[in-house]
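The structure appears below as structure tokens.
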Number of protein chains: 2
Amino acid sequence: MPTSTSKRDHIIHSALNLFAERGFDATTIPMIANDANVGAGTIYRYFANKEVLVNTLFQHYVTLFTHTLEEDYPKEDSIRNQFHHLFKGMVRFTNDHEHALYFIKTHNAAYFLDDTSRENFNHLLMILQNFLDEGKEEKQIRDLPSKALIAIIFGGFLELFKLIRAGDIESSEELLAGVEESCWDAVRHHS
Amino acid sequence: MPTSTSKRDHIIHSALNLFAERGFDATTIPMIANDANVGAGTIYRYFANKEVLVNTLFQHYVTLFTHTLEEDYPKEDSIRNQFHHLFKGMVRFTNDHEHALYFIKTHNAAYFLDDTSRENFNHLLMILQNFLDEGKEEKQIRDLPSKALIAIIFGGFLELFKLIRAGDIESSEELLAGVEESCWDAVRHHS
DNA sequence: ATAAAAGGAATGAATATTCATTCCGGTTAT
DNA sequence: ATAACCGGAATGAATATTCATTCCTTTTAT
């Protein structure tokens with residue numbers, strides 16, 4: 001098995017967890033190296049510096065999440081079903097990459113993000129915004145700024161997963177369904 | 001003439017803005033001193049160290065926010081009106097202290113908070129939780145974990161104010177009313 | 001004139017980054 | 001088949017940089 005690939009993956013994985021838990025500035029390179037079981041210098045064989053590392057990470061997971069949402073998107077279906085598709089995507093992505101969404105959420109406005117990272121993140125926002133805008137035209141979605149609606153969806157969803165990770169509550173189908181309903185009610189147009 | 005009190009206030013004000021914008025770890029003491037127009041050493045005349053500063057700040061604004069919510073709380077009124085009171089409190093507090101709620105939100109789980117800070121924050125959560133629990137008993141509030149519901153309310157609200165601050169959207173009575181409705185629909189029991 | 005307050009350069013600890021060296025797998029020569 | 005040889009990957013100690021904190025001088029107030 002190719003060591004180089006798996007080492008890079010270890011570094012990425014450790015960096016993601018630490019950045020998500022402590023934030024970029026509170027995470028040191030030796031911490032990452034230690035967690036990934038590599039020498040500190042090894043990190044610099046794969047990433048030019050700490051900022052390149054965090055940007056690579058950010059772009060990687062934003063792109064992955066974007067693909068998850070875009071895959072099999074039910075363009076012709078009802079708004080409600082499109083919403084369900086997006087919500088399901090969030091759940092699936094979070095199950096596959098425990099800390100990734102939280103990392104994205106807490107770092108998406110950070111001072112160290114480069115242009116590519118910002119572009120990637122904007123593209124992700126656009127997917128959600130297009131969905132909401134279309135829904136607003138059809139009078140299915142509440143007439144509020146899309147960004148505020150997006151914040152409500154992510155706020156509720158991520159808080160849920162924080163609690164599950166912390167062991168405060170247990171994940172279950174009903175719970176997920178309940179949060180989906182709550183987010184949908186926050187966002188949908190009420191007559 | 002700048003009295004000692006006003007210097008302390010300048011430091012607090014600058015620290016709040018910088019912590020809210022860049023986070024605790026990315027904010028240096030010289031940055032704060034510079035923004036507050038004082039020497040770096042002067043900060044240490046008022047605060048023993050950086051952690052004491054951030055804890056003082058945190059406790060100050062959490063307490064202030066708590067008082068804002070508790071003041072004239074309509075204990076005997078309907079759940080919906082209690083919700084309105086809380087929401088109004090958030091708006092008022094944010095108008096008085098632009099960055100304070102965002103600072104609280106982004107730092108409430110930080111590793112450097114001391115016991116008093118945590119206690120103060122818990123007390124704040126308790127107010128919201130008691131409200132939600134009572135609402136659940138009356139079947140007025142959705143049966144979901146209170147922390148998730150709190151996250152939804154704060155997520156939407158704070159994102160709104162981020163956008164207003166950034167100049168992306170303009171504040172207005174309708175907008176605020178719309179966000180309040182959205183949060184309420186997310187949280188209330190639907191039959 | 002004296003004391004308190006303020007300032008900001010100096011200090012030292014912590015941290016990012018570099019680099020001389022080791023290690024390891026594959027290749028070549030005998 | 002074995003052993004000497006290569007090249008690049010990995011390492012972590014050494015170095016450079018950043019930043020919280022201190023300390024001593026200057027300023028302000030009484």
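Following the order of the structure tokens, first chain is A, next is B, and so on, with residues numbered from 1 inside each chain and ligands from 1 in the order they appear.
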message: What's around stretch 171-175 of chain A at 10 Å? Count only C-alpha atoms (C1' of nucleotides), leave out sequence neighbours fewer than 5 positions away in its own chain, and write the answer as a ChimeraX atom specification.
response: /A:160-161,163-165,180-181 /B:143-145
Residues from last step as file, N, CA, C and O atoms, as a PDB file, in the first residue's frame:
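After the write, out_1.pdb holds the following:
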ATOM      1  N   LEU A 160     -27.641  19.891  16.522  1.00  0.00           N
ATOM      2  CA  LEU A 160     -28.077  18.516  16.757  1.00  0.00           C
ATOM      3  C   LEU A 160     -26.893  17.558  16.777  1.00  0.00           C
ATOM      4  O   LEU A 160     -26.740  16.753  17.703  1.00  0.00           O
ATOM      5  N   PHE A 161     -26.031  17.682  15.775  1.00  0.00           N
ATOM      6  CA  PHE A 161     -24.926  16.737  15.698  1.00  0.00           C
ATOM      7  C   PHE A 161     -23.872  16.972  16.763  1.00  0.00           C
ATOM      8  O   PHE A 161     -23.203  16.043  17.199  1.00  0.00           O
ATOM      9  N   LEU A 163     -24.638  17.790  19.783  1.00  0.00           N
ATOM     10  CA  LEU A 163     -25.200  17.137  20.961  1.00  0.00           C
ATOM     11  C   LEU A 163     -25.051  15.624  20.871  1.00  0.00           C
ATOM     12  O   LEU A 163     -24.757  14.959  21.856  1.00  0.00           O
ATOM     13  N   ILE A 164     -25.259  15.103  19.675  1.00  0.00           N
ATOM     14  CA  ILE A 164     -25.121  13.661  19.495  1.00  0.00           C
ATOM     15  C   ILE A 164     -23.680  13.235  19.756  1.00  0.00           C
ATOM     16  O   ILE A 164     -23.417  12.283  20.490  1.00  0.00           O
ATOM     17  N   ARG A 165     -22.720  13.964  19.170  1.00  0.00           N
ATOM     18  CA  ARG A 165     -21.312  13.663  19.369  1.00  0.00           C
ATOM     19  C   ARG A 165     -20.943  13.732  20.843  1.00  0.00           C
ATOM     20  O   ARG A 165     -20.208  12.909  21.365  1.00  0.00           O
ATOM     21  N   GLU A 180     -35.686  17.795  10.851  1.00  0.00           N
ATOM     22  CA  GLU A 180     -36.008  18.137   9.457  1.00  0.00           C
ATOM     23  C   GLU A 180     -37.319  18.914   9.400  1.00  0.00           C
ATOM     24  O   GLU A 180     -37.416  19.942   8.716  1.00  0.00           O
ATOM     25  N   GLU A 181     -38.304  18.450  10.136  1.00  0.00           N
ATOM     26  CA  GLU A 181     -39.603  19.154  10.155  1.00  0.00           C
ATOM     27  C   GLU A 181     -39.442  20.579  10.689  1.00  0.00           C
ATOM     28  O   GLU A 181     -40.018  21.531  10.158  1.00  0.00           O
TER      29      GLU A 181
ATOM     30  N   ASP B 143     -41.703  19.089  20.290  1.00  0.00           N
ATOM     31  CA  ASP B 143     -41.012  18.153  21.172  1.00  0.00           C
ATOM     32  C   ASP B 143     -39.642  17.767  20.597  1.00  0.00           C
ATOM     33  O   ASP B 143     -39.464  16.690  20.040  1.00  0.00           O
ATOM     34  N   LEU B 144     -38.696  18.673  20.760  1.00  0.00           N
ATOM     35  CA  LEU B 144     -37.326  18.417  20.313  1.00  0.00           C
ATOM     36  C   LEU B 144     -36.392  18.861  21.432  1.00  0.00           C
ATOM     37  O   LEU B 144     -36.787  19.652  22.279  1.00  0.00           O
ATOM     38  N   PRO B 145     -35.146  18.373  21.438  1.00  0.00           N
ATOM     39  CA  PRO B 145     -34.218  18.796  22.488  1.00  0.00           C
ATOM     40  C   PRO B 145     -34.105  20.327  22.533  1.00  0.00           C
ATOM     41  O   PRO B 145     -33.909  20.975  21.502  1.00  0.00           O
TER      42      PRO B 145
END
task: Name the residues of stretch 5-124 of chain B that fall into alpha helix (DSSP H) according to DSSP on the backbone, using the chain letters and numbers of this document, as a PyMOL selection string.
output: chain B and resi 5-22+29-36+40-46+50-70+79-96+100-107+115-124
message: At a cut-off of 9 Å, which residues of chain D touch chain B? Count only C-alpha atoms (C1' of nucleotides) and give the answer as an MDAnalysis selection string.
response: chainID D and resid 19:22
- request: Compute the chain B side of the contact with chain A at 7 Å, counting only C-alpha atoms, and hand it back as a PyMOL selection string.
  value: chain B and resi 25-26+144+148-149+151-152+155-156+159-160+178+182-183+185-187
Selection: 12 Å around stretch 45-47 of chain A, only C-alpha atoms (C1' of nucleotides), excl. self and same-chain fewer than 4 positions, as a tab-separated table (two decimals) with N, CA and C atoms (P, O5', C5', C4', C3', O3' and C1' of nucleotides), in the first residue's frame:
chain	number	residue	atom	x	y	z
A	4	SER	N	2.82	7.08	1.00
A	4	SER	CA	2.70	8.54	0.85
A	4	SER	C	1.24	8.96	0.90
A	5	THR	N	0.39	8.26	0.19
A	5	THR	CA	-1.02	8.62	0.17
A	5	THR	C	-1.63	8.49	1.57
A	6	SER	N	-1.32	7.39	2.24
A	6	SER	CA	-1.99	7.17	3.52
A	6	SER	C	-1.48	8.16	4.56
A	7	LYS	N	-0.22	8.58	4.43
A	7	LYS	CA	0.29	9.57	5.38
A	7	LYS	C	-0.41	10.92	5.19
A	8	ARG	N	-0.54	11.29	3.94
A	8	ARG	CA	-1.23	12.55	3.65
A	8	ARG	C	-2.66	12.49	4.20
A	9	ASP	N	-3.28	11.35	4.03
A	9	ASP	CA	-4.65	11.19	4.52
A	9	ASP	C	-4.71	11.29	6.04
A	10	HIS	N	-3.72	10.68	6.69
A	10	HIS	CA	-3.68	10.78	8.15
A	10	HIS	C	-3.58	12.23	8.59
A	11	ILE	N	-2.71	12.96	7.92
A	11	ILE	CA	-2.53	14.37	8.28
A	11	ILE	C	-3.84	15.13	8.10
A	12	ILE	N	-4.47	14.93	6.96
A	12	ILE	CA	-5.74	15.62	6.68
A	12	ILE	C	-6.78	15.27	7.73
A	15	ALA	N	-5.86	16.85	11.12
A	15	ALA	CA	-6.03	18.31	11.07
A	15	ALA	C	-7.51	18.67	11.11
A	29	ILE	N	0.97	22.82	14.78
A	29	ILE	CA	1.47	21.81	13.85
A	29	ILE	C	1.95	20.57	14.61
A	38	VAL	N	3.08	11.28	12.68
A	38	VAL	CA	4.15	11.58	11.73
A	38	VAL	C	5.03	12.67	12.36
A	39	GLY	N	6.19	12.87	11.80
A	39	GLY	CA	7.04	13.95	12.27
A	39	GLY	C	6.48	15.28	11.81
A	40	ALA	N	6.80	16.34	12.59
A	40	ALA	CA	6.29	17.66	12.23
A	40	ALA	C	6.73	18.04	10.82
A	41	GLY	N	7.96	17.70	10.50
A	41	GLY	CA	8.49	18.05	9.19
A	41	GLY	C	7.76	17.38	8.05
A	51	GLU	N	-1.34	27.49	6.51
A	51	GLU	CA	-2.47	28.08	5.78
A	51	GLU	C	-2.84	27.27	4.55
A	52	VAL	N	-1.84	26.79	3.85
A	52	VAL	CA	-2.12	25.93	2.69
A	52	VAL	C	-2.84	24.67	3.16
A	53	LEU	N	-2.40	24.15	4.29
A	53	LEU	CA	-3.06	22.96	4.83
A	53	LEU	C	-4.54	23.22	5.11
A	54	VAL	N	-4.83	24.30	5.80
A	54	VAL	CA	-6.22	24.55	6.16
A	54	VAL	C	-7.06	24.86	4.93
A	55	ASN	N	-6.48	25.53	3.95
A	55	ASN	CA	-7.23	25.82	2.73
A	55	ASN	C	-7.48	24.55	1.92
A	56	THR	N	-6.48	23.70	1.85
A	56	THR	CA	-6.66	22.42	1.16
A	56	THR	C	-7.80	21.63	1.79
A	57	LEU	N	-7.74	21.56	3.10
A	57	LEU	CA	-8.76	20.86	3.87
A	57	LEU	C	-10.15	21.43	3.60
C	17	DT	P	4.15	28.04	8.94
C	17	DT	O5'	5.67	27.65	8.80
C	17	DT	C5'	6.65	28.71	8.86
C	17	DT	C4'	8.04	28.12	8.79
C	17	DT	C3'	8.28	27.14	7.64
C	17	DT	O3'	9.28	27.72	6.82
C	17	DT	C1'	9.23	26.35	9.65
C	18	DT	P	9.81	26.96	5.53
C	18	DT	O5'	11.25	26.49	6.04
C	18	DT	C5'	12.07	27.41	6.73
C	18	DT	C4'	13.36	26.74	7.16
C	18	DT	C3'	14.07	25.95	6.06
C	18	DT	O3'	15.45	26.24	6.18
C	18	DT	C1'	13.69	24.56	7.93
D	8	DG	P	14.80	11.41	-6.66
D	8	DG	O5'	13.51	11.29	-5.74
D	8	DG	C5'	12.74	10.08	-5.70
D	8	DG	C4'	12.29	9.82	-4.28
D	8	DG	C3'	11.76	11.08	-3.57
D	8	DG	O3'	10.75	10.66	-2.69
D	8	DG	C1'	13.42	10.16	-2.31
D	9	DA	P	9.32	11.34	-2.67
D	9	DA	O5'	8.76	10.76	-1.30
D	9	DA	C5'	8.86	9.34	-1.08
D	9	DA	C4'	9.01	9.08	0.39
D	9	DA	C3'	8.22	10.02	1.29
D	9	DA	O3'	7.57	9.22	2.25
D	9	DA	C1'	10.52	10.03	1.92
D	10	DA	P	6.59	9.89	3.33
D	10	DA	O5'	7.58	10.02	4.57
D	10	DA	C5'	8.15	8.84	5.10
D	10	DA	C4'	8.99	9.19	6.30
D	10	DA	C3'	8.32	10.15	7.30
D	10	DA	O3'	8.31	9.51	8.55
D	10	DA	C1'	10.54	10.87	6.74
D	11	DT	P	7.67	10.23	9.83
D	11	DT	O5'	8.95	10.82	10.53
D	11	DT	C5'	10.07	9.95	10.74
D	11	DT	C4'	11.24	10.76	11.26
D	11	DT	C3'	10.86	11.72	12.39
D	11	DT	O3'	11.54	11.32	13.56
D	11	DT	C1'	12.31	12.75	10.78
- prompt: Out of A:Met31, A:His13, A:Ala177, A:Asp133, which residue has the shortest atom-to-atom distance to chain C when counting only C-alpha atoms (C1' of nucleotides)?
  reply: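 Of A:Met31, A:His13, A:Ala177, A:Asp133, the one nearest chain C is A:Met31, counting only C-alpha atoms (C1' of nucleotides).
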field: Shell of 12 Å around B:Glu119, only C-alpha atoms (C1' of nucleotides), local chain residues under 5 positions omitted, as an MDAnalysis selection string
entry: chainID B and resid 55 58:59 62:63 108:109 113:114 124:126
For the contact check between chain C and chain A, emit one row per residue of chain C within 12 Å, containing the shortest atom pair and the distance in Å rounded to one decimal, counting only C-alpha atoms (C1' of nucleotides), chain then rising number order, as CSV.
residue,atom,partner,partner_atom,distance
C:DA14,C1',A:Thr28,CA,10.1
C:DT15,C1',A:Thr28,CA,7.2
C:DA16,C1',A:Ile29,CA,7.4
C:DT17,C1',A:Asn49,CA,8.0
C:DT18,C1',A:Gly41,CA,8.4
C:DC19,C1',A:Gly41,CA,9.6
C:DC24,C1',A:Thr3,CA,11.6
C:DG25,C1',A:Thr3,CA,11.5
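In terms of minimum interatomic distance to B:Thr94, B:Thr68 ranks closest within B:Thr68, B:Gln82, B:Ser191, B:Gln129, counting only C-alpha atoms.
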